[in-house]
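Text of final34.tsv (TSV, C-alpha atoms (C1' of nucleotides)) as supplied:
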```
chain	number	residue	atom	x	y	z
A	1157	MET	CA	-33.27	5.38	-8.64
A	1158	GLN	CA	-35.37	3.45	-11.13
A	1159	ASN	CA	-38.13	5.94	-11.73
A	1160	GLN	CA	-37.62	8.67	-14.33
A	1161	ALA	CA	-40.02	11.15	-12.75
A	1162	LEU	CA	-38.17	10.88	-9.46
A	1163	THR	CA	-34.84	11.43	-11.17
A	1164	ASP	CA	-36.01	14.57	-12.94
A	1165	GLN	CA	-37.56	15.93	-9.79
A	1166	PHE	CA	-34.32	15.38	-7.95
A	1167	SER	CA	-32.11	16.99	-10.63
A	1168	GLU	CA	-34.31	20.05	-10.49
A	1169	LEU	CA	-33.96	20.25	-6.74
A	1170	CYS	CA	-30.19	19.90	-6.79
A	1171	LYS	CA	-29.74	22.61	-9.39
A	1172	LYS	CA	-31.91	24.96	-7.38
A	1173	SER	CA	-29.82	24.37	-4.28
A	1174	GLY	CA	-26.43	24.28	-5.99
A	1175	LEU	CA	-25.80	20.63	-5.15
A	1176	LYS	CA	-24.01	18.21	-7.41
A	1177	ILE	CA	-25.92	15.17	-8.53
A	1178	THR	CA	-24.10	12.06	-7.37
A	1179	PRO	CA	-25.23	8.46	-7.57
A	1180	GLN	CA	-25.07	8.25	-3.78
A	1181	ARG	CA	-27.46	11.13	-3.34
A	1182	CYS	CA	-29.78	9.67	-5.94
A	1183	ALA	CA	-29.85	6.38	-4.11
A	1184	VAL	CA	-30.65	8.00	-0.79
A	1185	TYR	CA	-33.30	10.19	-2.33
A	1186	GLY	CA	-34.86	7.28	-4.15
A	1187	HIS	CA	-35.10	5.25	-1.00
A	1188	LEU	CA	-36.52	8.07	1.07
A	1189	MET	CA	-39.24	8.95	-1.38
A	1190	THR	CA	-40.50	5.40	-1.70
A	1191	SER	CA	-40.45	4.38	1.97
A	1192	ARG	CA	-43.15	5.24	4.43
A	1193	ASN	CA	-41.16	5.05	7.63
A	1194	HIS	CA	-39.18	7.43	9.77
A	1195	PRO	CA	-35.80	5.87	9.25
A	1196	THR	CA	-32.57	6.55	11.07
A	1197	ALA	CA	-29.36	7.13	9.13
A	1198	VAL	CA	-28.28	3.56	9.86
A	1199	GLU	CA	-31.53	2.16	8.51
A	1200	VAL	CA	-31.24	4.15	5.31
A	1201	TYR	CA	-27.62	3.05	5.04
A	1202	ARG	CA	-28.45	-0.63	5.36
A	1203	THR	CA	-31.18	-0.47	2.75
A	1204	VAL	CA	-29.32	1.63	0.23
A	1205	ARG	CA	-26.23	-0.52	0.53
A	1206	GLY	CA	-28.28	-3.37	-0.87
A	1207	ARG	CA	-28.29	-1.80	-4.30
A	1208	PHE	CA	-25.15	0.32	-3.81
A	1209	PRO	CA	-22.61	-1.76	-1.89
A	1210	ASN	CA	-19.79	0.77	-1.92
A	1211	ILE	CA	-21.63	3.61	-0.24
A	1212	SER	CA	-20.36	4.55	3.22
A	1213	TYR	CA	-22.48	5.19	6.25
A	1214	ASP	CA	-20.91	8.56	6.46
A	1215	THR	CA	-22.10	9.67	3.09
A	1216	VAL	CA	-25.62	8.54	3.86
A	1217	ASN	CA	-25.66	10.46	7.09
A	1218	ARG	CA	-24.26	13.63	5.57
A	1219	THR	CA	-26.60	13.36	2.63
A	1220	LEU	CA	-29.55	13.18	4.97
A	1221	LEU	CA	-28.34	16.25	6.83
A	1222	THR	CA	-27.89	18.06	3.54
A	1223	PHE	CA	-31.40	17.10	2.51
A	1224	ALA	CA	-32.68	18.48	5.79
A	1225	GLU	CA	-30.94	21.78	5.10
A	1226	ILE	CA	-32.56	22.23	1.71
A	1227	GLY	CA	-35.92	21.29	3.15
A	1228	LEU	CA	-36.25	17.92	1.49
A	1229	VAL	CA	-36.64	16.03	4.73
A	1230	ASP	CA	-37.56	16.94	8.27
A	1231	ILE	CA	-35.62	15.88	11.32
A	1232	LEU	CA	-38.08	14.42	13.75
A	1233	GLN	CA	-38.23	15.57	17.32
A	1234	THR	CA	-37.65	12.55	19.53
A	1235	LYS	CA	-36.80	11.75	23.12
A	1236	GLY	CA	-33.18	10.77	22.54
A	1237	GLY	CA	-31.93	7.82	20.53
A	1238	PRO	CA	-30.72	8.13	16.97
A	1239	ARG	CA	-31.99	10.90	14.77
A	1240	ARG	CA	-35.00	10.08	12.61
A	1241	PHE	CA	-35.71	11.53	9.21
A	1242	ASP	CA	-39.11	12.21	7.73
A	1243	PRO	CA	-39.69	12.91	4.05
A	1244	VAL	CA	-41.49	16.23	3.78
A	1245	MET	CA	-45.05	15.68	2.62
A	1246	ASP	CA	-48.49	17.11	3.02
A	1247	ASN	CA	-49.13	18.38	6.52
A	1248	HIS	CA	-49.28	15.40	8.80
A	1249	HIS	CA	-49.12	14.87	12.52
A	1250	HIS	CA	-47.50	12.32	14.78
A	1251	PHE	CA	-48.57	9.83	17.37
A	1252	TYR	CA	-45.69	8.57	19.58
A	1253	CYS	CA	-45.90	5.35	21.52
A	1254	VAL	CA	-44.37	6.00	24.92
A	1255	ASP	CA	-43.67	2.30	25.34
A	1256	CYS	CA	-41.97	1.15	22.15
A	1257	GLY	CA	-41.26	4.47	20.45
A	1258	LYS	CA	-43.24	3.67	17.33
A	1259	ILE	CA	-44.38	6.70	15.37
A	1260	ILE	CA	-47.70	6.72	13.56
A	1261	ASP	CA	-48.49	9.40	11.00
A	1262	PHE	CA	-51.95	10.76	10.66
A	1263	THR	CA	-53.74	13.66	9.07
A	1264	SER	CA	-56.69	15.56	10.43
A	1265	GLN	CA	-58.78	18.26	8.93
A	1266	HIS	CA	-59.50	19.40	12.43
A	1267	TYR	CA	-55.83	20.25	13.03
A	1268	GLU	CA	-55.32	22.24	9.86
A	1269	ASP	CA	-56.60	25.61	10.93
A	1270	LEU	CA	-55.40	25.88	14.51
A	1271	LYS	CA	-55.25	29.46	15.62
A	1272	ILE	CA	-51.80	30.52	16.76
A	1273	PRO	CA	-51.90	32.35	20.10
A	1274	ASP	CA	-51.62	36.10	19.79
A	1275	ARG	CA	-48.51	36.37	21.93
A	1276	ILE	CA	-46.59	33.93	19.77
A	1277	ARG	CA	-47.86	35.34	16.51
A	1278	ALA	CA	-46.79	38.80	17.53
A	1279	GLU	CA	-43.26	37.92	18.66
A	1280	CYS	CA	-42.28	34.94	16.51
A	1281	THR	CA	-42.41	33.77	12.94
A	1282	VAL	CA	-44.17	30.43	12.77
A	1283	PHE	CA	-43.25	28.08	9.93
A	1284	THR	CA	-44.99	24.86	10.87
A	1285	GLN	CA	-47.55	23.69	13.30
A	1286	ARG	CA	-47.92	20.13	14.41
A	1287	VAL	CA	-49.91	18.17	16.91
A	1288	VAL	CA	-48.06	15.49	18.81
A	1289	LEU	CA	-49.97	12.77	20.61
A	1290	ASN	CA	-48.32	10.54	23.19
A	1291	GLY	CA	-49.77	7.26	24.30
A	1292	LEU	CA	-49.84	3.53	23.64
A	1293	CYS	CA	-49.86	2.10	20.14
A	1294	PRO	CA	-52.23	-0.79	19.34
A	1295	ARG	CA	-49.62	-3.46	20.02
A	1296	CYS	CA	-48.41	-2.03	23.34
A	1297	ARG	CA	-51.96	-1.41	24.49
A	1298	LYS	CA	-52.72	-5.08	24.03
A	1299	LYS	CA	-49.56	-6.08	25.89
A	1300	LYS	CA	-50.54	-3.94	28.90
A	1301	ARG	CA	-53.97	-5.53	29.10
A	1302	THR	CA	-52.71	-9.11	29.10
A	1303	PRO	CA	-49.26	-9.05	30.68
B	510	MET	CA	-34.57	22.15	49.41
B	511	GLN	CA	-35.39	25.27	51.41
B	512	ASN	CA	-39.16	25.27	51.12
B	513	GLN	CA	-41.22	23.13	53.51
B	514	ALA	CA	-44.19	22.71	51.17
B	515	LEU	CA	-41.89	21.41	48.46
B	516	THR	CA	-40.28	18.95	50.85
B	517	ASP	CA	-43.60	17.55	51.98
B	518	GLN	CA	-44.84	17.25	48.45
B	519	PHE	CA	-41.72	15.38	47.47
B	520	SER	CA	-41.83	12.96	50.44
B	521	GLU	CA	-45.38	12.12	49.51
B	522	LEU	CA	-44.40	11.40	45.93
B	523	CYS	CA	-41.46	9.19	46.89
B	524	LYS	CA	-43.54	7.12	49.25
B	525	LYS	CA	-46.17	6.61	46.60
B	526	SER	CA	-43.55	5.39	44.13
B	527	GLY	CA	-41.49	3.35	46.55
B	528	LEU	CA	-38.44	5.60	46.22
B	529	LYS	CA	-36.10	6.41	49.03
B	530	ILE	CA	-35.73	10.02	50.00
B	531	THR	CA	-32.11	11.01	49.56
B	532	PRO	CA	-30.57	14.44	49.82
B	533	GLN	CA	-29.44	14.17	46.22
B	534	ARG	CA	-32.95	13.59	44.99
B	535	CYS	CA	-34.24	16.42	47.12
B	536	ALA	CA	-31.68	18.75	45.64
B	537	VAL	CA	-32.55	17.81	42.08
B	538	TYR	CA	-36.25	18.08	42.77
B	539	GLY	CA	-35.86	21.42	44.46
B	540	HIS	CA	-33.94	22.84	41.54
B	541	LEU	CA	-36.35	21.51	38.95
B	542	MET	CA	-39.45	22.87	40.62
B	543	THR	CA	-38.05	26.35	40.99
B	544	SER	CA	-36.52	26.77	37.55
B	545	ARG	CA	-38.45	27.72	34.50
B	546	ASN	CA	-36.17	26.31	31.86
B	547	HIS	CA	-35.84	23.05	30.02
B	548	PRO	CA	-32.49	22.02	31.42
B	549	THR	CA	-30.21	19.21	30.31
B	550	ALA	CA	-28.76	16.80	32.84
B	551	VAL	CA	-25.47	18.68	32.73
B	552	GLU	CA	-27.17	21.97	33.44
B	553	VAL	CA	-29.02	20.55	36.41
B	554	TYR	CA	-25.78	18.99	37.59
B	555	ARG	CA	-23.84	22.25	37.44
B	556	THR	CA	-26.50	24.16	39.35
B	557	VAL	CA	-27.15	21.55	42.00
B	558	ARG	CA	-23.45	21.08	42.61
B	559	GLY	CA	-23.34	24.68	43.77
B	560	ARG	CA	-25.19	23.79	46.95
B	561	PHE	CA	-24.23	20.10	46.98
B	562	PRO	CA	-20.58	19.78	45.88
B	563	ASN	CA	-20.27	16.02	46.28
B	564	ILE	CA	-23.07	14.99	44.00
B	565	SER	CA	-22.02	13.15	40.84
B	566	TYR	CA	-23.22	13.86	37.35
B	567	ASP	CA	-24.31	10.31	37.18
B	568	THR	CA	-26.68	10.55	40.07
B	569	VAL	CA	-28.24	13.68	38.66
B	570	ASN	CA	-28.79	12.01	35.32
B	571	ARG	CA	-30.26	8.86	36.80
B	572	THR	CA	-32.42	10.86	39.16
B	573	LEU	CA	-33.87	12.77	36.22
B	574	LEU	CA	-34.61	9.52	34.41
B	575	THR	CA	-36.24	8.15	37.53
B	576	PHE	CA	-38.34	11.28	37.83
B	577	ALA	CA	-39.40	10.83	34.23
B	578	GLU	CA	-40.51	7.29	34.99
B	579	ILE	CA	-42.74	8.32	37.87
B	580	GLY	CA	-44.18	11.12	35.80
B	581	LEU	CA	-42.56	13.98	37.68
B	582	VAL	CA	-40.83	15.39	34.62
B	583	ASP	CA	-41.28	15.03	30.90
B	584	ILE	CA	-38.49	14.30	28.47
B	585	LEU	CA	-38.74	16.81	25.70
B	586	GLN	CA	-38.80	15.77	22.09
B	587	THR	CA	-35.89	17.46	20.35
B	588	LYS	CA	-33.91	17.16	17.15
B	589	GLY	CA	-30.83	15.56	18.63
B	590	GLY	CA	-28.44	17.12	21.14
B	591	PRO	CA	-28.57	16.37	24.83
B	592	ARG	CA	-31.82	15.31	26.42
B	593	ARG	CA	-33.92	18.08	27.92
B	594	PHE	CA	-36.19	17.75	30.92
B	595	ASP	CA	-39.38	19.62	31.54
B	596	PRO	CA	-41.12	19.76	34.94
B	597	VAL	CA	-44.66	18.49	34.50
B	598	MET	CA	-47.11	21.34	34.92
B	599	ASP	CA	-50.45	22.46	33.68
B	600	ASN	CA	-50.94	21.61	30.03
B	601	HIS	CA	-48.61	23.74	28.04
B	602	HIS	CA	-47.31	23.72	24.52
B	603	HIS	CA	-43.97	24.42	22.90
B	604	PHE	CA	-42.56	26.75	20.34
B	605	TYR	CA	-39.16	25.66	18.92
B	606	CYS	CA	-36.80	28.08	17.26
B	607	VAL	CA	-35.37	26.31	14.23
B	608	ASP	CA	-32.37	28.62	14.28
B	609	CYS	CA	-31.08	28.65	17.84
B	610	GLY	CA	-33.07	25.82	19.39
B	611	LYS	CA	-34.69	27.98	22.05
B	612	ILE	CA	-37.92	26.58	23.47
B	613	ILE	CA	-40.74	28.87	24.50
B	614	ASP	CA	-43.63	27.58	26.59
B	615	PHE	CA	-47.11	28.84	26.06
B	616	THR	CA	-50.66	27.94	26.97
B	617	SER	CA	-53.72	28.29	24.85
B	618	GLN	CA	-57.35	27.72	25.64
B	619	HIS	CA	-57.84	27.05	21.97
B	620	TYR	CA	-55.59	23.98	22.12
B	621	GLU	CA	-57.22	22.40	25.15
B	622	ASP	CA	-60.09	20.58	23.56
B	623	LEU	CA	-58.63	19.33	20.30
B	624	LYS	CA	-60.58	16.41	18.99
B	625	ILE	CA	-58.51	13.27	18.53
B	626	PRO	CA	-59.01	11.68	15.11
B	627	ASP	CA	-61.32	8.66	15.17
B	628	ARG	CA	-58.77	6.27	13.74
B	629	ILE	CA	-56.25	7.06	16.47
B	630	ARG	CA	-58.81	7.08	19.24
B	631	ALA	CA	-60.06	3.67	18.18
B	632	GLU	CA	-56.66	1.97	17.95
B	633	CYS	CA	-54.48	3.75	20.49
B	634	THR	CA	-54.62	5.02	24.04
B	635	VAL	CA	-53.77	8.71	24.10
B	636	PHE	CA	-52.21	10.14	27.25
B	637	THR	CA	-51.20	13.62	26.21
B	638	GLN	CA	-51.75	15.97	23.38
B	639	ARG	CA	-49.44	18.79	22.50
B	640	VAL	CA	-49.07	21.37	19.81
B	641	VAL	CA	-45.56	22.03	18.57
B	642	LEU	CA	-44.79	25.18	16.65
B	643	ASN	CA	-41.58	25.58	14.69
B	644	GLY	CA	-40.25	28.93	13.56
B	645	LEU	CA	-38.04	31.84	14.50
B	646	CYS	CA	-37.89	33.22	18.01
B	647	PRO	CA	-37.93	37.02	18.52
B	648	ARG	CA	-34.15	37.28	18.65
B	649	CYS	CA	-33.47	35.15	15.56
B	650	ARG	CA	-36.20	36.87	13.61
B	651	LYS	CA	-34.50	40.18	14.21
B	652	LYS	CA	-31.14	38.76	13.16
B	653	LYS	CA	-32.58	37.53	9.87
B	654	ARG	CA	-34.03	40.92	9.02
B	655	THR	CA	-30.81	42.87	9.53
B	656	PRO	CA	-27.98	40.48	8.66
C	491	DC	C1'	-9.41	22.53	-14.07
C	492	DT	C1'	-11.89	23.71	-10.01
C	493	DT	C1'	-14.75	22.64	-6.42
C	494	DT	C1'	-17.60	19.62	-4.22
C	495	DT	C1'	-18.27	15.11	-2.54
C	496	DT	C1'	-16.85	10.75	-0.97
C	497	DG	C1'	-14.82	7.23	2.15
C	498	DC	C1'	-12.18	6.30	5.99
C	499	DA	C1'	-10.44	6.87	10.50
C	500	DA	C1'	-10.25	9.19	14.65
C	501	DA	C1'	-12.18	12.25	17.91
C	502	DG	C1'	-16.05	13.95	20.36
C	503	DC	C1'	-20.17	14.03	23.08
C	504	DG	C1'	-23.75	12.22	25.64
C	505	DT	C1'	-25.74	8.05	27.62
C	506	DT	C1'	-25.57	3.68	29.78
C	507	DT	C1'	-23.63	-0.15	32.48
C	508	DG	C1'	-21.18	-2.79	36.19
C	509	DC	C1'	-19.64	-2.85	40.56
C	510	DA	C1'	-18.00	-1.80	45.11
C	511	DT	C1'	-19.35	1.46	48.73
C	512	DT	C1'	-22.61	4.14	51.19
C	513	DG	C1'	-26.81	5.36	53.34
C	514	DA	C1'	-32.01	5.21	54.02
C	515	DA	C1'	-35.51	2.55	56.12
D	1181	DT	C1'	-29.69	-5.50	58.74
D	1182	DT	C1'	-31.37	-5.18	54.17
D	1183	DC	C1'	-31.87	-3.36	49.91
D	1184	DA	C1'	-31.86	0.61	47.16
D	1185	DA	C1'	-29.02	4.55	45.81
D	1186	DT	C1'	-24.61	6.62	45.00
D	1187	DG	C1'	-20.11	7.55	42.84
D	1188	DC	C1'	-16.74	6.16	39.81
D	1189	DA	C1'	-14.85	4.31	35.69
D	1190	DA	C1'	-15.21	2.03	31.62
D	1191	DA	C1'	-17.99	0.83	27.63
D	1192	DC	C1'	-21.09	2.06	24.31
D	1193	DG	C1'	-23.75	4.33	20.52
D	1194	DC	C1'	-24.35	7.93	17.63
D	1195	DT	C1'	-22.56	12.18	15.58
D	1196	DT	C1'	-19.02	15.06	13.91
D	1197	DT	C1'	-14.48	16.30	12.03
D	1198	DG	C1'	-10.20	16.26	9.18
D	1199	DC	C1'	-8.11	14.89	5.27
D	1200	DA	C1'	-6.54	12.60	1.05
D	1201	DA	C1'	-8.57	10.53	-3.08
D	1202	DA	C1'	-12.24	10.54	-6.44
D	1203	DA	C1'	-15.87	12.46	-9.13
D	1204	DA	C1'	-19.02	16.15	-10.90
D	1205	DG	C1'	-19.61	20.30	-13.43
```

As structure tokens, the full file:
Amino acid sequence: MQNQALTDQFSELCKKSGLKITPQRCAVYGHLMTSRNHPTAVEVYRTVRGRFPNISYDTVNRTLLTFAEIGLVDILQTKGGPRRFDPVMDNHHHFYCVDCGKIIDFTSQHYEDLKIPDRIRAECTVFTQRVVLNGLCPRCRKKKRTP
Amino acid sequence: MQNQALTDQFSELCKKSGLKITPQRCAVYGHLMTSRNHPTAVEVYRTVRGRFPNISYDTVNRTLLTFAEIGLVDILQTKGGPRRFDPVMDNHHHFYCVDCGKIIDFTSQHYEDLKIPDRIRAECTVFTQRVVLNGLCPRCRKKKRTP
DNA sequence: CTTTTTGCAAAGCGTTTGCATTGAA
DNA sequence: TTCAATGCAAACGCTTTGCAAAAAG
């Protein structure tokens, strides 16, 4: 992790959750917070290994799961395939391409104040609320038109 | 499949998609349309085998994937674990329990006419639109209160 | 010094593939 | 008779586990 602010932020978080601060965790955290994708464990592994050649895939994967437990990242809901991780940020929503699987983030004021149905609100505790759109991304839409 | 209406409906669908009508497919279809769960391939397999002992897991799994391709079932978006299938019905939405993984269906008039953000509408083709709630189901909420 | 974390290897679980056989059209 | 669908077995990909060695607090 090059950035001092990031390092401090991360130390804070670890202390609060009773986690030890290891260079491996720092590397994973640093990568996550500066990438705007929805990487799989393998993808994170490959990138982090660039600046940290000794790290094992296993550590990366377990680190990501640990981060998910302390609420640092979300695990995306996908239709099979490898698990995808999403740094927790301001409330955003997802568009899924049914053709290539690409995920596009977006925000919408209109989706912020959705009313939760009475039945659910009465019986369940709702933590988060997300809109998921399924369709064709720009690239796949073009492909379909001119096959 | 016991029900005549179901059988006819299914024959129709197969013809339209160029699929052959096999007893195995009928069995899977019959089970799907009369269950109100979100079964995995294994679960469908175990149930169908009750009335169709020779069917293989493999056929069940491939049949479900085929059904997904012709739009007869949806593949649910989940956080890992085995794939779950959802019979396509009227527009419904999902509540996920973050503790036990239970999925609760619900409908809501309020979610029917959500406006799709301009940026997405301009660049993508949107097929479906779903709201996903994450939280604690009734049972897990109770457990948390009295641990 | 104690306890967590790491790295490695093996096991586990679910999905996918190839191919010969069977069955629908 | 033809071509798709089935059943089986093996391969595959990703995740999880167990454990000894290393590192953090």

Margin query: I'd like the interatomic distance between atom C1' of D:DT1195 and atom CA of A:Arg1240, to a tenth of an Å.
Written below: 13.0 Å

Taking all atoms of stretch 1244-1260 of chain A that the file lists and extending 4 Å past them on each side, where is the centre of the axis-aligned box and how long are its edges? Answer in Å to one decimal, as JSON.
```
{"center_x": -45.3, "center_y": 9.8, "center_z": 14.0, "size_x": 16.0, "size_y": 25.2, "size_z": 30.7}
```

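Every protein or nucleic acid residue with an atom no more than 6 Å from stretch 1250-1264 of chain A, counting all atoms listed in the file and leaving out same-chain residues fewer than 3 positions away, appears here: Tyr1267, Val1288, Leu1289, Asn1290, Gly1291, Leu1292 and Cys1293 of chain A.
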
LSQ fit chain B -> chain A, C-alpha in sequence order, output as a CSV table (one decimal) with C-alpha atoms, in the coordinates of the input:
```
chain,number,residue,atom,x,y,z
B,510,MET,CA,-33.3,5.5,-8.7
B,511,GLN,CA,-35.5,3.5,-11.1
B,512,ASN,CA,-38.3,6.0,-11.6
B,513,GLN,CA,-37.8,8.7,-14.3
B,514,ALA,CA,-40.2,11.2,-12.6
B,515,LEU,CA,-38.3,10.9,-9.4
B,516,THR,CA,-35.0,11.5,-11.1
B,517,ASP,CA,-36.2,14.6,-12.8
B,518,GLN,CA,-37.7,15.9,-9.7
B,519,PHE,CA,-34.5,15.4,-7.9
B,520,SER,CA,-32.3,17.0,-10.6
B,521,GLU,CA,-34.5,20.1,-10.4
B,522,LEU,CA,-34.1,20.3,-6.7
B,523,CYS,CA,-30.3,19.9,-6.7
B,524,LYS,CA,-30.0,22.6,-9.3
B,525,LYS,CA,-32.1,25.0,-7.3
B,526,SER,CA,-30.0,24.4,-4.2
B,527,GLY,CA,-26.6,24.4,-5.9
B,528,LEU,CA,-26.0,20.7,-5.1
B,529,LYS,CA,-24.2,18.3,-7.4
B,530,ILE,CA,-26.1,15.3,-8.5
B,531,THR,CA,-24.2,12.2,-7.4
B,532,PRO,CA,-25.3,8.6,-7.6
B,533,GLN,CA,-25.1,8.4,-3.8
B,534,ARG,CA,-27.5,11.2,-3.3
B,535,CYS,CA,-29.8,9.7,-5.9
B,536,ALA,CA,-29.8,6.5,-4.1
B,537,VAL,CA,-30.6,8.0,-0.8
B,538,TYR,CA,-33.3,10.2,-2.3
B,539,GLY,CA,-34.9,7.3,-4.1
B,540,HIS,CA,-35.0,5.2,-1.0
B,541,LEU,CA,-36.5,8.0,1.1
B,542,MET,CA,-39.3,8.9,-1.3
B,543,THR,CA,-40.4,5.3,-1.6
B,544,SER,CA,-40.4,4.3,2.0
B,545,ARG,CA,-43.1,5.1,4.5
B,546,ASN,CA,-41.1,4.9,7.6
B,547,HIS,CA,-39.1,7.3,9.8
B,548,PRO,CA,-35.7,5.8,9.3
B,549,THR,CA,-32.5,6.5,11.1
B,550,ALA,CA,-29.3,7.1,9.1
B,551,VAL,CA,-28.2,3.6,9.8
B,552,GLU,CA,-31.4,2.2,8.5
B,553,VAL,CA,-31.1,4.2,5.3
B,554,TYR,CA,-27.5,3.1,5.0
B,555,ARG,CA,-28.3,-0.6,5.3
B,556,THR,CA,-31.0,-0.4,2.7
B,557,VAL,CA,-29.2,1.7,0.2
B,558,ARG,CA,-26.1,-0.4,0.5
B,559,GLY,CA,-28.1,-3.3,-0.9
B,560,ARG,CA,-28.1,-1.7,-4.3
B,561,PHE,CA,-25.0,0.4,-3.8
B,562,PRO,CA,-22.4,-1.6,-1.9
B,563,ASN,CA,-19.7,1.0,-1.9
B,564,ILE,CA,-21.5,3.8,-0.3
B,565,SER,CA,-20.2,4.8,3.2
B,566,TYR,CA,-22.4,5.3,6.2
B,567,ASP,CA,-20.9,8.7,6.5
B,568,THR,CA,-22.1,9.8,3.1
B,569,VAL,CA,-25.6,8.6,3.9
B,570,ASN,CA,-25.6,10.5,7.1
B,571,ARG,CA,-24.3,13.7,5.6
B,572,THR,CA,-26.6,13.4,2.7
B,573,LEU,CA,-29.6,13.2,5.0
B,574,LEU,CA,-28.4,16.3,6.9
B,575,THR,CA,-28.0,18.1,3.6
B,576,PHE,CA,-31.5,17.1,2.6
B,577,ALA,CA,-32.8,18.5,5.9
B,578,GLU,CA,-31.1,21.8,5.2
B,579,ILE,CA,-32.7,22.2,1.8
B,580,GLY,CA,-36.0,21.2,3.3
B,581,LEU,CA,-36.3,17.9,1.6
B,582,VAL,CA,-36.7,15.9,4.8
B,583,ASP,CA,-37.6,16.8,8.3
B,584,ILE,CA,-35.6,15.8,11.4
B,585,LEU,CA,-38.1,14.3,13.8
B,586,GLN,CA,-38.3,15.4,17.4
B,587,THR,CA,-37.6,12.4,19.6
B,588,LYS,CA,-36.7,11.6,23.2
B,589,GLY,CA,-33.1,10.7,22.6
B,590,GLY,CA,-31.9,7.7,20.5
B,591,PRO,CA,-30.6,8.1,17.0
B,592,ARG,CA,-31.9,10.8,14.8
B,593,ARG,CA,-34.9,10.0,12.6
B,594,PHE,CA,-35.7,11.5,9.3
B,595,ASP,CA,-39.1,12.1,7.8
B,596,PRO,CA,-39.7,12.8,4.1
B,597,VAL,CA,-41.5,16.1,3.8
B,598,MET,CA,-45.0,15.6,2.6
B,599,ASP,CA,-48.5,17.0,3.0
B,600,ASN,CA,-49.1,18.3,6.5
B,601,HIS,CA,-49.2,15.3,8.8
B,602,HIS,CA,-49.1,14.8,12.5
B,603,HIS,CA,-47.5,12.2,14.7
B,604,PHE,CA,-48.5,9.8,17.4
B,605,TYR,CA,-45.7,8.5,19.6
B,606,CYS,CA,-45.9,5.3,21.5
B,607,VAL,CA,-44.4,6.0,24.9
B,608,ASP,CA,-43.8,2.3,25.4
B,609,CYS,CA,-42.1,1.1,22.2
B,610,GLY,CA,-41.3,4.4,20.5
B,611,LYS,CA,-43.3,3.6,17.4
B,612,ILE,CA,-44.4,6.6,15.4
B,613,ILE,CA,-47.7,6.7,13.6
B,614,ASP,CA,-48.5,9.3,11.0
B,615,PHE,CA,-51.9,10.7,10.6
B,616,THR,CA,-53.7,13.6,9.0
B,617,SER,CA,-56.6,15.5,10.3
B,618,GLN,CA,-58.7,18.3,8.8
B,619,HIS,CA,-59.4,19.4,12.3
B,620,TYR,CA,-55.7,20.2,12.9
B,621,GLU,CA,-55.2,22.2,9.7
B,622,ASP,CA,-56.5,25.6,10.8
B,623,LEU,CA,-55.3,25.9,14.4
B,624,LYS,CA,-55.1,29.5,15.5
B,625,ILE,CA,-51.6,30.5,16.6
B,626,PRO,CA,-51.7,32.3,20.0
B,627,ASP,CA,-51.4,36.1,19.6
B,628,ARG,CA,-48.3,36.4,21.8
B,629,ILE,CA,-46.4,33.9,19.6
B,630,ARG,CA,-47.6,35.3,16.4
B,631,ALA,CA,-46.5,38.8,17.4
B,632,GLU,CA,-43.0,37.9,18.5
B,633,CYS,CA,-42.1,34.9,16.4
B,634,THR,CA,-42.2,33.7,12.8
B,635,VAL,CA,-44.0,30.4,12.7
B,636,PHE,CA,-43.1,28.0,9.8
B,637,THR,CA,-44.9,24.8,10.8
B,638,GLN,CA,-47.4,23.6,13.2
B,639,ARG,CA,-47.8,20.1,14.4
B,640,VAL,CA,-49.8,18.1,16.8
B,641,VAL,CA,-48.0,15.5,18.8
B,642,LEU,CA,-50.0,12.8,20.6
B,643,ASN,CA,-48.3,10.5,23.2
B,644,GLY,CA,-49.8,7.3,24.3
B,645,LEU,CA,-49.9,3.5,23.6
B,646,CYS,CA,-49.9,2.1,20.1
B,647,PRO,CA,-52.3,-0.8,19.3
B,648,ARG,CA,-49.7,-3.5,20.0
B,649,CYS,CA,-48.5,-2.0,23.4
B,650,ARG,CA,-52.1,-1.4,24.5
B,651,LYS,CA,-52.9,-5.0,24.0
B,652,LYS,CA,-49.8,-6.1,25.9
B,653,LYS,CA,-50.7,-3.9,28.9
B,654,ARG,CA,-54.2,-5.4,29.1
B,655,THR,CA,-53.0,-9.0,29.2
B,656,PRO,CA,-49.6,-9.0,30.9
```

Counting only C-alpha atoms (C1' of nucleotides), which residues in chain C sit no more than 10 Å from chain B? For each one, give the nearest pair of atoms and the distance in Å, sorted by chain then residue number, as CSV.
```
residue,atom,partner,partner_atom,distance
C:DC503,C1',B:Pro591,CA,8.9
C:DG504,C1',B:Pro591,CA,6.4
C:DT505,C1',B:Asn570,CA,9.2
C:DT506,C1',B:Arg571,CA,9.9
C:DG513,C1',B:Thr531,CA,8.6
C:DA514,C1',B:Lys529,CA,6.6
C:DA515,C1',B:Lys529,CA,8.1
```

For the selection you just gave me, I'd like the residues written to a file as a PDB file, in the frame of the given file, keeping C-alpha atoms (C1' of nucleotides).
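In the end it all went to out30.pdb:
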```
ATOM      1  C1'  DC C 503     -20.170  14.030  23.080  1.00  0.00           C
ATOM      2  C1'  DG C 504     -23.750  12.220  25.640  1.00  0.00           C
ATOM      3  C1'  DT C 505     -25.740   8.050  27.620  1.00  0.00           C
ATOM      4  C1'  DT C 506     -25.570   3.680  29.780  1.00  0.00           C
ATOM      5  C1'  DG C 513     -26.810   5.360  53.340  1.00  0.00           C
ATOM      6  C1'  DA C 514     -32.010   5.210  54.020  1.00  0.00           C
ATOM      7  C1'  DA C 515     -35.510   2.550  56.120  1.00  0.00           C
TER       8       DA C 515
END
```

Checklist line | Surrounding residues of C:DG497 excluding itself and chain neighbours under 2 positions, 10 Å, all atoms listed in the file, as a ChimeraX atom specification | finding: /A:1210-1215 /C:495,499 /D:1200-1202
